[in-house]
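Here is the file final-v3.cif (mmCIF, C-alpha atoms).
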data_final
#
loop_
_atom_site.label_atom_id
_atom_site.label_comp_id
_atom_site.auth_asym_id
_atom_site.auth_seq_id
_atom_site.Cartn_x
_atom_site.Cartn_y
_atom_site.Cartn_z
CA MET A 228 3.53 39.86 20.70
CA THR A 229 0.27 39.05 22.50
CA PHE A 230 -2.61 36.96 21.22
CA SER A 231 -6.38 37.11 21.58
CA TYR A 232 -8.46 34.25 22.92
CA ALA A 233 -9.72 33.58 19.39
CA ASP A 234 -6.14 33.43 18.08
CA LEU A 235 -5.21 30.66 20.50
CA ALA A 236 -8.48 28.73 20.69
CA GLY A 237 -8.49 28.75 16.89
CA MET A 238 -5.21 26.80 16.92
CA ILE A 239 -6.47 23.90 19.00
CA ASP A 240 -7.55 20.52 17.68
CA HIS A 241 -9.07 19.01 20.82
CA SER A 242 -7.78 15.45 20.96
CA LEU A 243 -10.21 12.61 21.75
CA LEU A 244 -8.05 9.67 20.74
CA HIS A 245 -7.28 7.57 23.80
CA PRO A 246 -8.41 3.97 23.19
CA THR A 247 -10.36 3.83 26.46
CA LEU A 248 -12.64 6.79 25.71
CA THR A 249 -16.32 5.87 26.06
CA GLU A 250 -19.20 7.36 24.10
CA ALA A 251 -19.93 9.55 27.11
CA ASP A 252 -16.31 10.76 27.07
CA VAL A 253 -16.62 11.69 23.39
CA ASP A 254 -19.86 13.56 24.07
CA GLU A 255 -18.20 15.43 26.93
CA GLY A 256 -15.16 16.25 24.80
CA CYS A 257 -17.29 17.61 21.97
CA ALA A 258 -19.26 19.73 24.45
CA LEU A 259 -16.00 21.12 25.80
CA ALA A 260 -14.83 21.93 22.26
CA LEU A 261 -18.07 23.83 21.67
CA GLU A 262 -17.81 25.70 24.95
CA TYR A 263 -14.23 26.79 24.28
CA GLN A 264 -14.77 27.38 20.54
CA VAL A 265 -11.65 25.57 19.38
CA ALA A 266 -10.78 24.82 15.77
CA SER A 267 -11.77 21.16 15.79
CA VAL A 268 -12.11 17.89 17.61
CA CYS A 269 -9.85 15.07 16.46
CA VAL A 270 -11.57 11.72 16.94
CA LYS A 271 -11.21 8.06 16.08
CA PRO A 272 -13.01 6.85 12.92
CA CYS A 273 -15.70 5.09 14.97
CA ASP A 274 -16.62 8.40 16.63
CA VAL A 275 -16.82 10.68 13.59
CA ARG A 276 -20.55 10.36 13.02
CA ARG A 277 -21.28 10.96 16.70
CA ALA A 278 -19.04 14.04 16.85
CA ALA A 279 -20.46 15.43 13.61
CA LYS A 280 -23.99 15.17 14.98
CA ILE A 281 -23.07 17.00 18.19
CA LEU A 282 -21.12 19.72 16.39
CA ASP A 283 -23.50 20.17 13.45
CA GLY A 284 -24.09 23.85 12.75
CA SER A 285 -21.14 25.02 14.84
CA LYS A 286 -17.78 26.42 13.78
CA VAL A 287 -15.94 23.49 15.38
CA ALA A 288 -14.75 21.12 12.67
CA VAL A 289 -14.61 17.34 12.96
CA GLY A 290 -11.28 15.70 12.24
CA ALA A 291 -10.61 11.97 11.92
CA VAL A 292 -7.40 10.00 12.27
CA ILE A 293 -6.47 7.59 9.48
CA GLY A 294 -4.03 4.68 9.74
CA PHE A 295 -3.74 5.52 13.40
CA PRO A 296 -1.45 5.23 15.28
CA HIS A 297 1.20 3.24 13.39
CA GLY A 298 0.54 4.08 9.73
CA THR A 299 0.87 0.47 8.60
CA ASN A 300 -2.54 0.04 6.94
CA LYS A 301 -2.38 -0.59 3.20
CA SER A 302 -2.88 2.55 1.14
CA GLU A 303 -6.17 1.22 -0.19
CA MET A 304 -7.42 0.91 3.38
CA LYS A 305 -6.29 4.44 4.21
CA ARG A 306 -8.15 5.72 1.16
CA TYR A 307 -11.31 3.84 2.14
CA GLU A 308 -11.01 4.97 5.77
CA THR A 309 -10.78 8.54 4.50
CA GLU A 310 -13.82 8.16 2.28
CA LEU A 311 -15.87 6.72 5.15
CA ALA A 312 -14.73 9.44 7.56
CA CYS A 313 -15.73 12.16 5.12
CA MET A 314 -19.10 10.48 4.51
CA ASP A 315 -19.64 10.45 8.27
CA GLY A 316 -18.94 14.18 8.53
CA ALA A 317 -15.19 14.70 8.87
CA THR A 318 -13.79 17.78 7.14
CA GLU A 319 -10.24 17.30 8.41
CA ILE A 320 -8.09 14.17 8.12
CA ASP A 321 -4.99 13.41 10.22
CA MET A 322 -3.18 10.49 8.58
CA VAL A 323 -0.12 8.58 9.77
CA LEU A 324 2.38 7.96 6.99
CA ASN A 325 4.05 4.56 6.65
CA ILE A 326 6.96 4.98 9.05
CA GLY A 327 8.70 1.73 8.17
CA ARG A 328 8.72 2.59 4.48
CA ALA A 329 10.07 6.04 5.31
CA LEU A 330 12.91 4.48 7.33
CA SER A 331 13.55 2.21 4.33
CA SER A 332 13.87 5.32 2.11
CA ASP A 333 11.08 4.01 -0.12
CA TRP A 334 10.08 7.55 -0.95
CA ALA A 335 7.93 6.61 -3.96
CA PHE A 336 5.79 4.35 -1.77
CA VAL A 337 5.47 7.01 0.93
CA GLU A 338 4.30 9.59 -1.58
CA ARG A 339 1.75 7.21 -3.14
CA ASP A 340 0.46 6.35 0.33
CA ILE A 341 -0.04 10.01 1.23
CA ARG A 342 -1.52 10.86 -2.16
CA ALA A 343 -4.13 8.10 -1.78
CA VAL A 344 -5.47 9.99 1.22
CA THR A 345 -5.09 13.54 -0.08
CA GLU A 346 -6.93 12.70 -3.29
CA ALA A 347 -9.81 11.04 -1.45
CA ALA A 348 -10.05 13.85 1.08
CA HIS A 349 -9.74 16.75 -1.34
CA GLN A 350 -12.43 15.27 -3.57
CA ARG A 351 -14.69 15.59 -0.53
CA HIS A 352 -13.46 19.08 0.42
CA ALA A 353 -11.54 17.89 3.48
CA ILE A 354 -8.02 18.97 4.41
CA VAL A 355 -5.20 16.55 5.23
CA LYS A 356 -2.57 16.68 7.96
CA VAL A 357 0.22 14.14 7.59
CA ILE A 358 1.74 12.80 10.82
CA LEU A 359 5.49 12.18 10.61
CA GLU A 360 5.85 10.63 14.11
CA THR A 361 9.11 12.46 14.72
CA ASP A 362 10.06 10.39 17.78
CA PHE A 363 10.58 7.42 15.45
CA LEU A 364 12.76 9.33 12.95
CA PRO A 365 16.47 9.13 13.76
CA ASP A 366 17.83 12.09 11.80
CA ASP A 367 16.85 15.41 10.32
CA SER A 368 17.47 14.40 6.71
CA ILE A 369 14.54 11.98 6.84
CA LYS A 370 12.28 14.64 8.35
CA ARG A 371 13.24 17.13 5.64
CA GLU A 372 12.61 14.59 2.89
CA LEU A 373 9.23 13.68 4.34
CA CYS A 374 8.20 17.33 4.46
CA LYS A 375 9.05 17.68 0.78
CA ILE A 376 7.13 14.51 -0.05
CA CYS A 377 4.09 15.68 1.91
CA GLU A 378 4.04 18.90 -0.07
CA SER A 379 4.49 17.06 -3.35
CA ALA A 380 1.56 14.80 -2.43
CA SER A 381 -0.66 17.86 -1.80
CA ALA A 382 -0.86 17.65 1.98
CA ASP A 383 -2.29 20.74 3.67
CA PHE A 384 -0.33 20.27 6.91
CA VAL A 385 2.61 18.33 8.24
CA LYS A 386 2.19 17.24 11.84
CA THR A 387 4.79 16.15 14.37
CA SER A 388 3.27 13.25 16.27
CA THR A 389 0.36 10.98 17.15
CA GLY A 390 0.89 11.36 20.89
CA PHE A 391 1.31 7.59 21.03
CA GLY A 392 4.83 7.28 19.57
CA PHE A 393 6.40 5.82 22.68
CA VAL A 394 10.08 4.91 22.47
CA LYS A 395 11.84 2.55 24.89
CA GLN A 396 14.13 4.52 27.19
CA PRO A 397 17.50 3.37 28.62
CA GLY A 398 15.83 2.40 31.90
CA GLY A 399 13.32 0.17 30.13
CA ASN A 400 10.29 2.45 30.44
CA PHE A 401 8.56 4.05 27.46
CA ASN A 402 8.15 7.76 26.79
CA TYR A 403 7.92 10.26 23.96
CA GLN A 404 8.83 13.86 23.28
CA GLY A 405 6.17 14.86 20.77
CA ALA A 406 6.50 18.38 19.38
CA THR A 407 9.98 19.76 19.99
CA GLU A 408 11.25 23.22 19.16
CA HIS A 409 13.94 21.71 16.95
CA ASP A 410 11.46 19.73 14.86
CA LEU A 411 8.98 22.57 14.48
CA VAL A 412 11.70 24.90 13.20
CA LEU A 413 12.95 22.20 10.82
CA MET A 414 9.46 21.42 9.51
CA ARG A 415 8.60 25.07 8.96
CA ALA A 416 11.87 25.58 7.05
CA SER A 417 11.35 22.43 4.97
CA CYS A 418 7.91 23.36 3.60
CA SER A 419 6.70 26.27 1.54
CA PRO A 420 4.14 28.65 3.08
CA ALA A 421 1.45 26.65 1.26
CA VAL A 422 1.86 23.83 3.80
CA LYS A 423 0.97 24.54 7.41
CA ILE A 424 2.46 22.98 10.55
CA LYS A 425 0.64 21.18 13.35
CA ALA A 426 2.34 20.56 16.69
CA SER A 427 1.15 17.57 18.66
CA GLY A 428 2.42 15.94 21.83
CA GLY A 429 3.70 17.71 24.95
CA VAL A 430 1.76 20.97 24.59
CA ARG A 431 -0.10 21.14 27.88
CA ASP A 432 0.06 24.73 29.09
CA LEU A 433 -0.45 28.25 27.78
CA ALA A 434 3.24 29.09 27.43
CA SER A 435 3.81 25.97 25.32
CA LEU A 436 0.89 26.76 23.02
CA ILE A 437 2.14 30.30 22.43
CA ARG A 438 5.65 28.98 21.92
CA VAL A 439 4.65 26.55 19.17
CA ARG A 440 2.69 29.34 17.48
CA ASN A 441 5.79 31.53 17.51
CA LEU A 442 7.74 28.65 16.00
CA GLY A 443 5.39 28.49 13.03
CA ALA A 444 2.61 26.08 14.02
CA SER A 445 -0.90 27.00 12.87
CA ARG A 446 -2.59 24.16 14.73
CA CYS A 447 -1.89 22.22 17.90
CA GLY A 448 -3.28 18.86 18.93
CA THR A 449 -3.83 18.59 22.68
CA SER A 450 -6.15 17.05 25.24
CA ALA A 451 -5.28 19.87 27.68
CA THR A 452 -7.64 22.38 26.06
CA LYS A 453 -9.46 23.34 29.24
CA THR A 454 -6.21 23.76 31.20
CA ILE A 455 -4.64 25.95 28.52
CA LEU A 456 -7.60 28.22 27.80
CA ASP A 457 -8.63 28.56 31.44
CA GLU A 458 -5.06 29.71 32.12
CA TYR A 459 -5.44 32.32 29.37
CA ARG A 460 -8.66 33.61 30.96
CA ARG A 461 -7.14 33.72 34.45
CA THR A 462 -4.19 35.68 33.09
CA LEU A 463 -6.51 38.30 31.59
CA ASP A 464 -8.69 38.42 34.69
CA SER A 465 -5.63 39.13 36.81
CA GLY A 466 -4.87 42.18 34.69
CA LYS A 467 -1.76 40.64 33.18
CA THR A 468 -0.95 40.35 29.50
CA PRO A 469 -0.63 36.76 28.26
CA LEU A 470 3.07 36.15 27.72
CA SER A 471 4.49 36.07 24.23
CA GLY A 472 6.04 32.65 24.64
CA GLU A 473 9.36 33.82 23.26
CA SER A 474 11.26 32.56 26.28
CA ALA A 475 8.99 29.62 27.06
CA GLY A 476 9.88 26.06 26.18
CA ILE A 477 7.56 23.31 25.03
CA GLY A 478 6.98 21.29 28.13
CA GLY A 479 4.81 18.91 30.03
CA TYR A 480 6.15 15.68 28.50
#

Would you mind writing the file out in structure tokens?
Amino acid sequence: MTFSYADLAGMIDHSLLHPTLTEADVDEGCALALEYQVASVCVKPCDVRRAAKILDGSKVAVGAVIGFPHGTNKSEMKRYETELACMDGATEIDMVLNIGRALSSDWAFVERDIRAVTEAAHQRHAIVKVILETDFLPDDSIKRELCKICESASADFVKTSTGFGFVKQPGGNFNYQGATEHDLVLMRASCSPAVKIKASGGVRDLASLIRVRNLGASRCGTSATKTILDEYRRTLDSGKTPLSGESAGIGGY
């Protein structure tokens, strides 16, 4: 299967989340999102109003992260953060669930925490993507349970990662995997078609974007938007057909 430019650009949530980004960086990122006509920009709460002003009247949505990146804010704070983000112009919300409570199997708390955000967002006509932070989850049973809870709490998407879920490696350095093929397959199988999947972390080239689409992801969070979509255009200009991604892995960690 091959995909059009609109198919692939329409998957991308252009990530503008690094803590060192300046106002000029945010402006530049929003301009890039407009130029490449991606689905959305995903920004920090302090940048929502700025992004919304730049993107006003365009088809590029503004997404805000909530409880980012560790998910440890109290539920009341996550609700209030969501309300403020929507007031500032966000129409998409990417929230981090409470990872420690998930690892404690306090499923009732996790569901209440997610529902606090989904209720606030849906009242303001915004969609919600719940970040599991899969690198921190030690086994598949927890991931499956969290997918079920997200659906029960009316989440619109389940999402793999923040991109900042660094885990200490045997050599003492820190790294993360982000969206893996295994987790995307598991998440797609663990949710009904009513809940969509967002891949985030490690998708930095065209083959990887097509691969996560083939695995069931409807959206992809990446800061490599220009690299990916320029590669698509070069492929077409060379007279080649963009590859299906069926044999490509998710790479670039």

Quote the spacing between atom CA of A:Ala291 and atom CA of A:Leu436 in Å to one decimal place.
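If I compute the distance from atom CA of A:Ala291 to atom CA of A:Leu436, I get 21.8 Å.
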
Skipping near chain neighbours, those fewer than 5 positions away, what residues fall within 9 Å of A:Gly443 using all atoms listed in the file, listed as a list in words?
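Residues meeting the cut-off are Leu411, Val412, Met414, Arg415, Lys423, Ile424, Lys425 and Arg438 of chain A.
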
Work out how far apart atom CA of A:Ser381 and atom CA of A:Ile369 are and give it in Å to one decimal.
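It comes out at 18.4 Å.
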
If I take atom CA of A:Ala329 and atom CA of A:Leu373, how far is one from the other in Å, to one decimal?
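Between these atoms lies a distance of 7.7 Å.
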
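The closest residue to A:Glu319, picked from A:Lys356, A:Lys301, A:Arg342, A:Arg440 and counting all atoms listed in the file, is A:Lys356.
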
Compare A:Asp315, A:Glu458, A:Asp383, A:Asp432 by their minimum atom-to-atom distance to A:Ser445, counting all atoms listed in the file, and give me the closest one.
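Closest to A:Ser445, using all atoms listed in the file: A:Asp383.
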
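Residues captured in this structure file are Val292, Ile293, Phe295, Pro296, His297, Gly298, Thr299, Asn300, Lys301, Ser302, Met304, Lys305, Glu308, Asp321, Met322, Val323, Leu324 and Asn325 of chain A, according to the PyMOL selection byres ((chain A and resi 294) around 9).
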
Which one of A:Asp457, A:Glu250, A:Glu310, A:Glu378 sits closest to A:Ala421 if you count only C-alpha atoms?
A:Glu378

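Each of A:His241, A:Val268, A:Ser417, A:Glu346 was compared to A:Glu303 using only C-alpha atoms, and A:Glu346 turns out to be the nearest.
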
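Using only C-alpha atoms, the shortest contact distance between A:Ile376 and any of A:Met314, A:Gly390, A:His352, A:Ser419 is found at A:Ser419.
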
Report the residues retrieved by the PyMOL selection byres ((chain A and resi 386) around 7) from the displayed file, expressed as a list in words.
Lys356, Val357, Ile358, Leu359, Phe384, Val385, Thr387, Ser388, Ile424, Lys425, Ala426 and Ser427 of chain A

Run the PyMOL selection byres ((chain A and resi 313) around 10) mentally over the shown coordinates, then write out the matched residues as a PDB file with C-alpha atoms, in the coordinates of the input, using the chain letters and numbers from the document.
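Output file out21.pdb is given in full below:
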ATOM      1  CA  PRO A 272     -13.010   6.850  12.920  1.00  0.00           C
ATOM      2  CA  VAL A 275     -16.820  10.680  13.590  1.00  0.00           C
ATOM      3  CA  ARG A 276     -20.550  10.360  13.020  1.00  0.00           C
ATOM      4  CA  VAL A 289     -14.610  17.340  12.960  1.00  0.00           C
ATOM      5  CA  GLY A 290     -11.280  15.700  12.240  1.00  0.00           C
ATOM      6  CA  ALA A 291     -10.610  11.970  11.920  1.00  0.00           C
ATOM      7  CA  TYR A 307     -11.310   3.840   2.140  1.00  0.00           C
ATOM      8  CA  GLU A 308     -11.010   4.970   5.770  1.00  0.00           C
ATOM      9  CA  THR A 309     -10.780   8.540   4.500  1.00  0.00           C
ATOM     10  CA  GLU A 310     -13.820   8.160   2.280  1.00  0.00           C
ATOM     11  CA  LEU A 311     -15.870   6.720   5.150  1.00  0.00           C
ATOM     12  CA  ALA A 312     -14.730   9.440   7.560  1.00  0.00           C
ATOM     13  CA  MET A 314     -19.100  10.480   4.510  1.00  0.00           C
ATOM     14  CA  ASP A 315     -19.640  10.450   8.270  1.00  0.00           C
ATOM     15  CA  GLY A 316     -18.940  14.180   8.530  1.00  0.00           C
ATOM     16  CA  ALA A 317     -15.190  14.700   8.870  1.00  0.00           C
ATOM     17  CA  THR A 318     -13.790  17.780   7.140  1.00  0.00           C
ATOM     18  CA  GLU A 319     -10.240  17.300   8.410  1.00  0.00           C
ATOM     19  CA  ILE A 320      -8.090  14.170   8.120  1.00  0.00           C
ATOM     20  CA  ALA A 347      -9.810  11.040  -1.450  1.00  0.00           C
ATOM     21  CA  ALA A 348     -10.050  13.850   1.080  1.00  0.00           C
ATOM     22  CA  HIS A 349      -9.740  16.750  -1.340  1.00  0.00           C
ATOM     23  CA  GLN A 350     -12.430  15.270  -3.570  1.00  0.00           C
ATOM     24  CA  ARG A 351     -14.690  15.590  -0.530  1.00  0.00           C
ATOM     25  CA  HIS A 352     -13.460  19.080   0.420  1.00  0.00           C
ATOM     26  CA  ALA A 353     -11.540  17.890   3.480  1.00  0.00           C
TER      27      ALA A 353
END

Determine, counting only C-alpha atoms, every residue of protein, DNA or RNA that lies within 9 Å of (-19.7, 11.5, 21.8) in the file coordinates, then give the result as a list in words.
Thr249, Glu250, Ala251, Asp252, Val253, Asp254, Glu255, Gly256, Cys257, Ala258, Asp274, Val275, Arg276, Arg277, Ala278, Lys280 and Ile281 of chain A

Give as an NGL selection string the set of residues within 6 Å of the point (6.0, 12.2, 19.6), where distances use the file's coordinates and only C-alpha atoms.
:A and (360-362 or 388 or 390 or 392 or 403-405 or 428)

Give the answer as one residue: which of A:Leu456, A:Ser267, A:Ile326, A:Cys418 has the shortest atom-to-atom distance to A:Tyr232, using only C-alpha atoms?
A:Leu456
